[in-house]
Each structure stands twice: as C-alpha cells, then as structure tokens.
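Working notes for the structure below.
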Amino acid sequence: MSEVNLDLTRAVEQIYPSREALQAVLASGRKLTIYHGVDPTGPHLHLGHATNLILLRRFQEAGHKIIFLIGDFTARIGDPTGKMSARQALSADEVRQNFITFRRQAAKVISFRGPNRATVVWNSRWLGRLRAAEILELMGKVTVQQMIERDMFQARRKNGKPIWLNEFLYPLLQGYDSVALEVDVEVGGNDQTFNMLMGRDLLRAYRGREKFVITTTLLVNSKTGGKLMNKSEGGLINLDDSPEVMYGKVMALPDEVIFSIAELCTLTPTATIADWRALHPRDAKMQVARAAVTLYASVTAAAKAEAAFVATFQKGGAPTEMSEVRAAAGERLGAVLIRAGAVSSQAEWRRLVLAGAAREVAGGIITDSHLTIGRPLELKIGKHRFWRVTIT
RNA sequence: GCGUCGGUGGCAGAGCGGUCAAUUGCACUAGACUGUAAAUCUAGCGCCCUUCGGGCUACGGAGGUUCGAAUCCUCCCCGACGCACCA
C-alpha cells in the first residue's frame, strides 16, 4: 500500500465538507470505510455507475474498506431525483431480478476477493425492519421546508405535478443507510448530492459522527447538456454488454464526449488520455473503446472486438457471431423475424424493406417484403441488426 | 365535502362534433453523406391485409346523444389548485 497516489480530482466534482479535510484524514494514515449505493431499478450497471466504482477501486487499492450497497429497499420507492413525475413502484421480485448479477458486474472494477475484499450489503436488511416509531423519529430530523427546497419539487409544484409523500421519505431512508453502516465516506454521482448530504446530517444527528461525501462527475454531453447514460438519451453502455457490443456503442458516441468517457470510465492514465487528444477523433475513439472493453472484459476480448468492429463496420462486412433464428422452408421471412424479435411488426418489416434497409450480407437488397424462405440466409437489417436464418 | 381546471400515442404538448391514426417538438428507426458516429438532408414512426387502396383497435373507465365523438351529455376513477370541515 506504499505510496498509492490517491488522486482526489479525477472524476471528482466536489468533496464535503472540504477536500482539504479529507486529505488531512487520509494523510493521517487512517483506513476509512467507504460506501457507494446503487438502486437496482434495472438489471444492469452502466458506465455511469462505473465512474463511482473506479473511484472506489482506487480507495480499495490504497487499503481502505469498501462497501457496495444494493438499495433493494430504496429501489422500491424510487428516487425522485431529477424526475418530473413520480416513478412507479417496483415489486420486491422485480428488484430481486435486477440485482441478482450486480455483484458480478461490480466485480469487474472492485475486488470482492483477497485480503481487503469489498463487501456487499442490502439496505432492506435495516430499512425493512424499521418500525413506525423509528420512522417517526427519522422524520423528526428534517423539516418540510428543507425537503421542498429541492429544485425538482419546486418545479413540480409550479407545474401542478404530484409529489407523493413516499418521495419525501426517499432521501431520509437513503440517508439512514449512512447511520446504519456508520461509514466514513460516501461516494456517489453529483445528482445524489442532496440525498448524500441528508445522510451526512442524519449521521451527525444520530451518532455525532462526521461523514465525507464525494460527488463524482456525471457523464454528460457537453453539447446538449443531457446525461449520457440515460435510457431516454439512447446509448446506455452496460458493464455486462458483450465486448463487441460495448466496443460498438463507444464508437457510436458523439466525438465531444469520448475524453470524458476515457477519464470517467476507464483506468487509462490521465497523461495517456492527454496524448490521445492529438489523434484523429476516430482513432482516439478506438483507443477509448479498447480501453473500456479491456477494463470490463479483458485485453484479448478488446482486441477481438476491435477486429470485429473494423471488419463489420469499417469494411462493411458482417460479424462472425450473429443472432440466429430457425425457420421452416416456405415460411415468410417477415413472420420469422417478428418471431425472433428482430422487427416488431409486419408493418415495420415492410417499411424497412421499402427503405432498402434489409439486405443479404453476401448479396443484394431485399425488395420483397413477402419473401418466403427457401435457403439459409444471413441478413443485415439497418446498420446494427444481423441475423442468421437457418432452415429446420 | 364544495368549487375550478385537467387526464391524448415513449415523453412533452395541440386538437374541442366529420377533412383525426390524430398538428408540433424531443426521443426512436431507416436512407443519403461520412471517420463507426455526430451534424445535415430525406423518409418513417398503432396493428393487419401483397397494394398511391381497404380493415381493425385506440385519445382515463363505463354508458348515452348523433348518420358520425378524442371532441357533446351522465356516472365512475385519478391528479392539481382553492375553499370549507376537523368530536
């Protein structure tokens, strides 16, 4: 653990109460307990989560204790942060389905093995046991004014949108995690600032302890200002995407964000990233894509993914691995593709054919949407959908 | 409880008796262009039918008026806002 350089600037937006205070504690040599929580509202961890995990990894390598918290209880309420409308509640089962592989995904970045292994905790363990009296006590720590001060609550009031009481409870419960865990540091995206500071207040109120809060930089598109890892914005890059898919998704990102990705989502040294800025944008992007796949999969996978990408897209070929669907001879191609989930309806298939978007990998464009299958086919639909149709 | 406004496609948000499968923006898909993209331009974007043609299902829910309803009426459900009530 000697001289591990803990860079408190890369990917870090802000540190509460102050960077200096945290540095002082770190300099004392004290080993800290640090946690980061993720709500399993979906089944994947993505590049946005990775920023936090990478920071945790750096702390872990410096010998600090890491706790990876799965917010299985809080996920069911739904975090109102940034939401213009209330989220619908998830069932306990859905949540369980979602987090089932979280640890495996997180293990791509932080280590759950070895002497200083990270631990996983679920917040239902304590939140699920809170009794009414305890919840009332918790609610007695924060005022309504403090709560509705938040921007998005203000915005919703202005727009006549509902604010549900359980949404008020969300920051309290998330904050209570800090109390239950008695941690020294919490790491999270800067969109979580309010919730994390709530935990800081609560920890002080309950235990008289100080907690550092480190907010990390969010992946945003500098041009549009939109969050990058966002379902509505399109490209969600998941940590468990296959190497080829991840490589392709990184390549599909707009130029202006690639260095943010490099800094926030890969382990590439800052100096190397600086060198990449001199490259042709496409080549820089390939470097970043390769670095990402290397981290989340492996070096060899990254090399393979890159080769596949070049062959498929830059040279217009087809990937070696494509989705397969079996069909009976004489079956209508459109029907088969709907069954396979390649297209959503006859209507969509017809539109694609009409647009000239469906072609055989080896040959020509398919012009007849009513084509029946007589032999095995390798299809390319649009730019990204590749399907191999085999005959049973 | 009373009153007012409102509930439209993934989201935002028009339409307020026929020309509405529903303007528009975003998102999304495809084509062209490229550096894989992005930007730009073009087209598409409920489902089914081989058709520039036809059918079906849709505008919170259930009924009703009408030749015809997303649009009018009744009841119900849900939300916002205001007022009242509170042993």
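Scheme for the structure tokens: letters A, B, ... for chains in order shown; per-chain residue numbers from 1; ligand numbers from 1 in order shown.
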Return as JSON lines the residues of chain B lying at most 12 Å from chain A, together with the closest atom-to-atom pair for each and the distance in Å to one decimal, counting only C-alpha atoms (C1' of nucleotides), with rows in chain order and ascending residue number.
{"residue": "B:C5", "atom": "C1'", "partner": "A:Gly160", "partner_atom": "CA", "distance": 10.7}
{"residue": "B:G6", "atom": "C1'", "partner": "A:Gly160", "partner_atom": "CA", "distance": 10.0}
{"residue": "B:G10", "atom": "C1'", "partner": "A:Ser232", "partner_atom": "CA", "distance": 8.5}
{"residue": "B:C11", "atom": "C1'", "partner": "A:Ser232", "partner_atom": "CA", "distance": 8.8}
{"residue": "B:A12", "atom": "C1'", "partner": "A:Met84", "partner_atom": "CA", "distance": 11.0}
{"residue": "B:C26", "atom": "C1'", "partner": "A:Ser232", "partner_atom": "CA", "distance": 9.9}
{"residue": "B:A27", "atom": "C1'", "partner": "A:Ser232", "partner_atom": "CA", "distance": 6.6}
{"residue": "B:C28", "atom": "C1'", "partner": "A:Gly234", "partner_atom": "CA", "distance": 8.4}
{"residue": "B:U29", "atom": "C1'", "partner": "A:Leu352", "partner_atom": "CA", "distance": 8.7}
{"residue": "B:A30", "atom": "C1'", "partner": "A:Ala355", "partner_atom": "CA", "distance": 6.2}
{"residue": "B:G31", "atom": "C1'", "partner": "A:Ala355", "partner_atom": "CA", "distance": 6.2}
{"residue": "B:A32", "atom": "C1'", "partner": "A:Ala355", "partner_atom": "CA", "distance": 11.3}
{"residue": "B:U34", "atom": "C1'", "partner": "A:Gln314", "partner_atom": "CA", "distance": 11.1}
{"residue": "B:G35", "atom": "C1'", "partner": "A:Arg282", "partner_atom": "CA", "distance": 5.6}
{"residue": "B:U36", "atom": "C1'", "partner": "A:Met251", "partner_atom": "CA", "distance": 5.8}
{"residue": "B:A37", "atom": "C1'", "partner": "A:Ala252", "partner_atom": "CA", "distance": 4.9}
{"residue": "B:A38", "atom": "C1'", "partner": "A:Pro254", "partner_atom": "CA", "distance": 5.1}
{"residue": "B:A39", "atom": "C1'", "partner": "A:Pro254", "partner_atom": "CA", "distance": 10.0}
{"residue": "B:U42", "atom": "C1'", "partner": "A:Ala355", "partner_atom": "CA", "distance": 11.1}
{"residue": "B:A43", "atom": "C1'", "partner": "A:Ala355", "partner_atom": "CA", "distance": 8.0}
{"residue": "B:G44", "atom": "C1'", "partner": "A:Arg351", "partner_atom": "CA", "distance": 7.3}
{"residue": "B:C45", "atom": "C1'", "partner": "A:Glu348", "partner_atom": "CA", "distance": 9.0}
{"residue": "B:G46", "atom": "C1'", "partner": "A:Ala347", "partner_atom": "CA", "distance": 10.0}
{"residue": "B:C47", "atom": "C1'", "partner": "A:Ala347", "partner_atom": "CA", "distance": 8.0}
{"residue": "B:C48", "atom": "C1'", "partner": "A:Gln346", "partner_atom": "CA", "distance": 8.2}
{"residue": "B:C49", "atom": "C1'", "partner": "A:Gln346", "partner_atom": "CA", "distance": 10.3}
{"residue": "B:U50", "atom": "C1'", "partner": "A:His370", "partner_atom": "CA", "distance": 7.2}
{"residue": "B:C78", "atom": "C1'", "partner": "A:Pro162", "partner_atom": "CA", "distance": 11.4}
{"residue": "B:G79", "atom": "C1'", "partner": "A:Pro162", "partner_atom": "CA", "distance": 7.0}
{"residue": "B:A80", "atom": "C1'", "partner": "A:Gly160", "partner_atom": "CA", "distance": 5.0}
{"residue": "B:C81", "atom": "C1'", "partner": "A:Gly160", "partner_atom": "CA", "distance": 7.7}
query: If you run DSSP on the backbone, which residues of range 212-374 of chain A are strand (DSSP E), as number ranges by chain?
result: A: 212-216, 323-327, 358-360
Could you save those same residues with C-alpha atoms as a compact mmCIF listing (two decimals), in the first residue's frame?
# COMPACT_ATOMS: atom_id res chain seq x y z
CA PHE A 212 -17.35 12.80 3.99
CA VAL A 213 -19.32 12.99 0.82
CA ILE A 214 -17.57 12.73 -2.52
CA THR A 215 -19.64 13.60 -5.52
CA THR A 216 -18.42 12.32 -8.85
CA SER A 323 -28.25 -13.80 -33.66
CA GLU A 324 -29.83 -16.90 -35.04
CA VAL A 325 -33.36 -17.89 -35.77
CA ARG A 326 -34.66 -21.15 -37.14
CA ALA A 327 -37.32 -21.22 -39.77
CA ALA A 358 -32.77 -5.11 -45.39
CA ARG A 359 -30.11 -6.93 -47.31
CA GLU A 360 -28.30 -10.19 -47.52
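CA of Val299 in chain A is positioned 27.3 Å from CA of Val38 in chain A.
Using only C-alpha atoms (C1' of nucleotides), the contacts of G18 in chain B at a cut-off of 12 Å, with sequence neighbours closer than 3 positions omitted, comprise U66, C67, G68, A69 and U71 of chain B.
We find CA of Glu263 in chain A and CA of Ile67 in chain A to be spaced 23.1 Å apart.
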Would you return as a tab-separated table (two decimals) with C-alpha atoms, in the first residue's frame the members of range 237-284 of chain A that DSSP assigns to alpha helix (DSSP H) on this structure's backbone?
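Output file selection-v7.tsv is given in full below:
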chain	number	residue	atom	x	y	z
A	243	PRO	CA	-17.22	-6.91	-25.85
A	244	GLU	CA	-18.39	-6.38	-29.43
A	245	VAL	CA	-21.50	-4.54	-28.34
A	246	MET	CA	-19.64	-2.36	-25.89
A	247	TYR	CA	-16.96	-1.52	-28.42
A	248	GLY	CA	-19.59	-0.58	-30.97
A	249	LYS	CA	-21.55	1.53	-28.50
A	250	VAL	CA	-18.47	3.50	-27.53
A	251	MET	CA	-17.70	4.09	-31.19
A	258	ILE	CA	-15.05	10.49	-25.73
A	259	PHE	CA	-12.45	12.02	-23.48
A	260	SER	CA	-14.96	12.28	-20.66
A	261	ILE	CA	-15.59	8.58	-21.10
A	262	ALA	CA	-11.87	7.92	-21.03
A	263	GLU	CA	-11.40	9.88	-17.85
A	264	LEU	CA	-14.51	8.79	-16.02
A	265	CYS	CA	-14.94	5.23	-17.16
A	270	THR	CA	-4.55	10.92	-17.38
A	271	ALA	CA	-1.34	11.57	-19.27
A	272	THR	CA	-2.17	8.95	-21.88
A	273	ILE	CA	-5.59	10.46	-22.38
A	274	ALA	CA	-3.95	13.79	-22.96
A	275	ASP	CA	-1.87	12.20	-25.75
A	276	TRP	CA	-5.00	10.79	-27.36
A	281	PRO	CA	-11.13	11.63	-33.47
A	282	ARG	CA	-11.97	8.23	-34.84
A	283	ASP	CA	-8.68	6.75	-33.73
A	284	ALA	CA	-8.96	8.37	-30.32
- prompt: Suppose you want the space between CA of Arg30 in chain A and CA of Arg113 in chain A; what is it in Å?
  reply: 21.8 Å
- prompt: Which residues, written as a ChimeraX atom specification, have at least one atom at most 12 Å from C83 in chain B, with only C-alpha atoms (C1' of nucleotides) counted and residues fewer than 4 positions away on the same chain left out?
  reply: /B:1-4
Which residues are close to G13 in chain B, i.e. within 12 Å by only C-alpha atoms (C1' of nucleotides), leaving aside same-chain residues fewer than 2 positions away? Reply as a PDB file with N, CA and C atoms (P, O5', C5', C4', C3', O3' and C1' of nucleotides), in the first residue's frame.
ATOM      1  P     U B   8     -52.898  12.232 -20.670  1.00  0.00           P
ATOM      2  O5'   U B   8     -53.547  12.028 -22.102  1.00  0.00           O
ATOM      3  C5'   U B   8     -54.131  10.786 -22.467  1.00  0.00           C
ATOM      4  C4'   U B   8     -54.300  10.737 -23.954  1.00  0.00           C
ATOM      5  C3'   U B   8     -52.998  10.721 -24.754  1.00  0.00           C
ATOM      6  O3'   U B   8     -52.484   9.408 -24.874  1.00  0.00           O
ATOM      7  C1'   U B   8     -54.456  12.343 -25.660  1.00  0.00           C
ATOM      8  P     G B   9     -51.132   9.025 -24.107  1.00  0.00           P
ATOM      9  O5'   G B   9     -50.171   8.441 -25.224  1.00  0.00           O
ATOM     10  C5'   G B   9     -49.968   7.016 -25.374  1.00  0.00           C
ATOM     11  C4'   G B   9     -49.554   6.729 -26.795  1.00  0.00           C
ATOM     12  C3'   G B   9     -48.083   7.013 -27.104  1.00  0.00           C
ATOM     13  O3'   G B   9     -47.314   5.812 -27.094  1.00  0.00           O
ATOM     14  C1'   G B   9     -49.515   7.942 -28.756  1.00  0.00           C
ATOM     15  P     C B  11     -45.625   7.985 -22.153  1.00  0.00           P
ATOM     16  O5'   C B  11     -44.661   9.244 -22.124  1.00  0.00           O
ATOM     17  C5'   C B  11     -43.825   9.489 -20.997  1.00  0.00           C
ATOM     18  C4'   C B  11     -42.990  10.720 -21.257  1.00  0.00           C
ATOM     19  C3'   C B  11     -43.772  12.022 -21.412  1.00  0.00           C
ATOM     20  O3'   C B  11     -44.065  12.593 -20.147  1.00  0.00           O
ATOM     21  C1'   C B  11     -42.187  11.859 -23.155  1.00  0.00           C
ATOM     22  P     G B  15     -55.710  23.472 -28.524  1.00  0.00           P
ATOM     23  O5'   G B  15     -56.529  22.507 -29.491  1.00  0.00           O
ATOM     24  C5'   G B  15     -56.541  22.757 -30.903  1.00  0.00           C
ATOM     25  C4'   G B  15     -56.911  21.501 -31.633  1.00  0.00           C
ATOM     26  C3'   G B  15     -58.364  21.027 -31.420  1.00  0.00           C
ATOM     27  O3'   G B  15     -59.188  21.575 -32.442  1.00  0.00           O
ATOM     28  C1'   G B  15     -56.824  19.194 -31.218  1.00  0.00           C
ATOM     29  P     U B  23     -50.471  14.010 -36.208  1.00  0.00           P
ATOM     30  O5'   U B  23     -50.146  15.548 -36.459  1.00  0.00           O
ATOM     31  C5'   U B  23     -50.790  16.242 -37.539  1.00  0.00           C
ATOM     32  C4'   U B  23     -50.544  17.723 -37.409  1.00  0.00           C
ATOM     33  C3'   U B  23     -49.121  18.122 -37.061  1.00  0.00           C
ATOM     34  O3'   U B  23     -48.283  18.125 -38.198  1.00  0.00           O
ATOM     35  C1'   U B  23     -50.593  19.285 -35.665  1.00  0.00           C
ATOM     36  P     U B  24     -46.821  17.508 -38.067  1.00  0.00           P
ATOM     37  O5'   U B  24     -46.175  18.377 -36.904  1.00  0.00           O
ATOM     38  C5'   U B  24     -45.950  19.773 -37.085  1.00  0.00           C
ATOM     39  C4'   U B  24     -45.454  20.379 -35.801  1.00  0.00           C
ATOM     40  C3'   U B  24     -44.210  19.733 -35.196  1.00  0.00           C
ATOM     41  O3'   U B  24     -43.023  20.177 -35.827  1.00  0.00           O
ATOM     42  C1'   U B  24     -45.801  20.059 -33.494  1.00  0.00           C
ATOM     43  P     G B  25     -41.757  19.234 -35.845  1.00  0.00           P
ATOM     44  O5'   G B  25     -41.197  19.354 -34.363  1.00  0.00           O
ATOM     45  C5'   G B  25     -40.686  20.596 -33.885  1.00  0.00           C
ATOM     46  C4'   G B  25     -40.298  20.453 -32.437  1.00  0.00           C
ATOM     47  C3'   G B  25     -39.393  19.267 -32.127  1.00  0.00           C
ATOM     48  O3'   G B  25     -38.037  19.528 -32.408  1.00  0.00           O
ATOM     49  C1'   G B  25     -41.156  19.311 -30.572  1.00  0.00           C
ATOM     50  P     C B  26     -37.092  18.347 -32.836  1.00  0.00           P
ATOM     51  O5'   C B  26     -36.926  17.505 -31.500  1.00  0.00           O
ATOM     52  C5'   C B  26     -36.285  18.064 -30.357  1.00  0.00           C
ATOM     53  C4'   C B  26     -36.408  17.130 -29.180  1.00  0.00           C
ATOM     54  C3'   C B  26     -35.873  15.719 -29.395  1.00  0.00           C
ATOM     55  O3'   C B  26     -34.465  15.645 -29.256  1.00  0.00           O
ATOM     56  C1'   C B  26     -37.973  15.612 -28.332  1.00  0.00           C
TER      57        C B  26
END
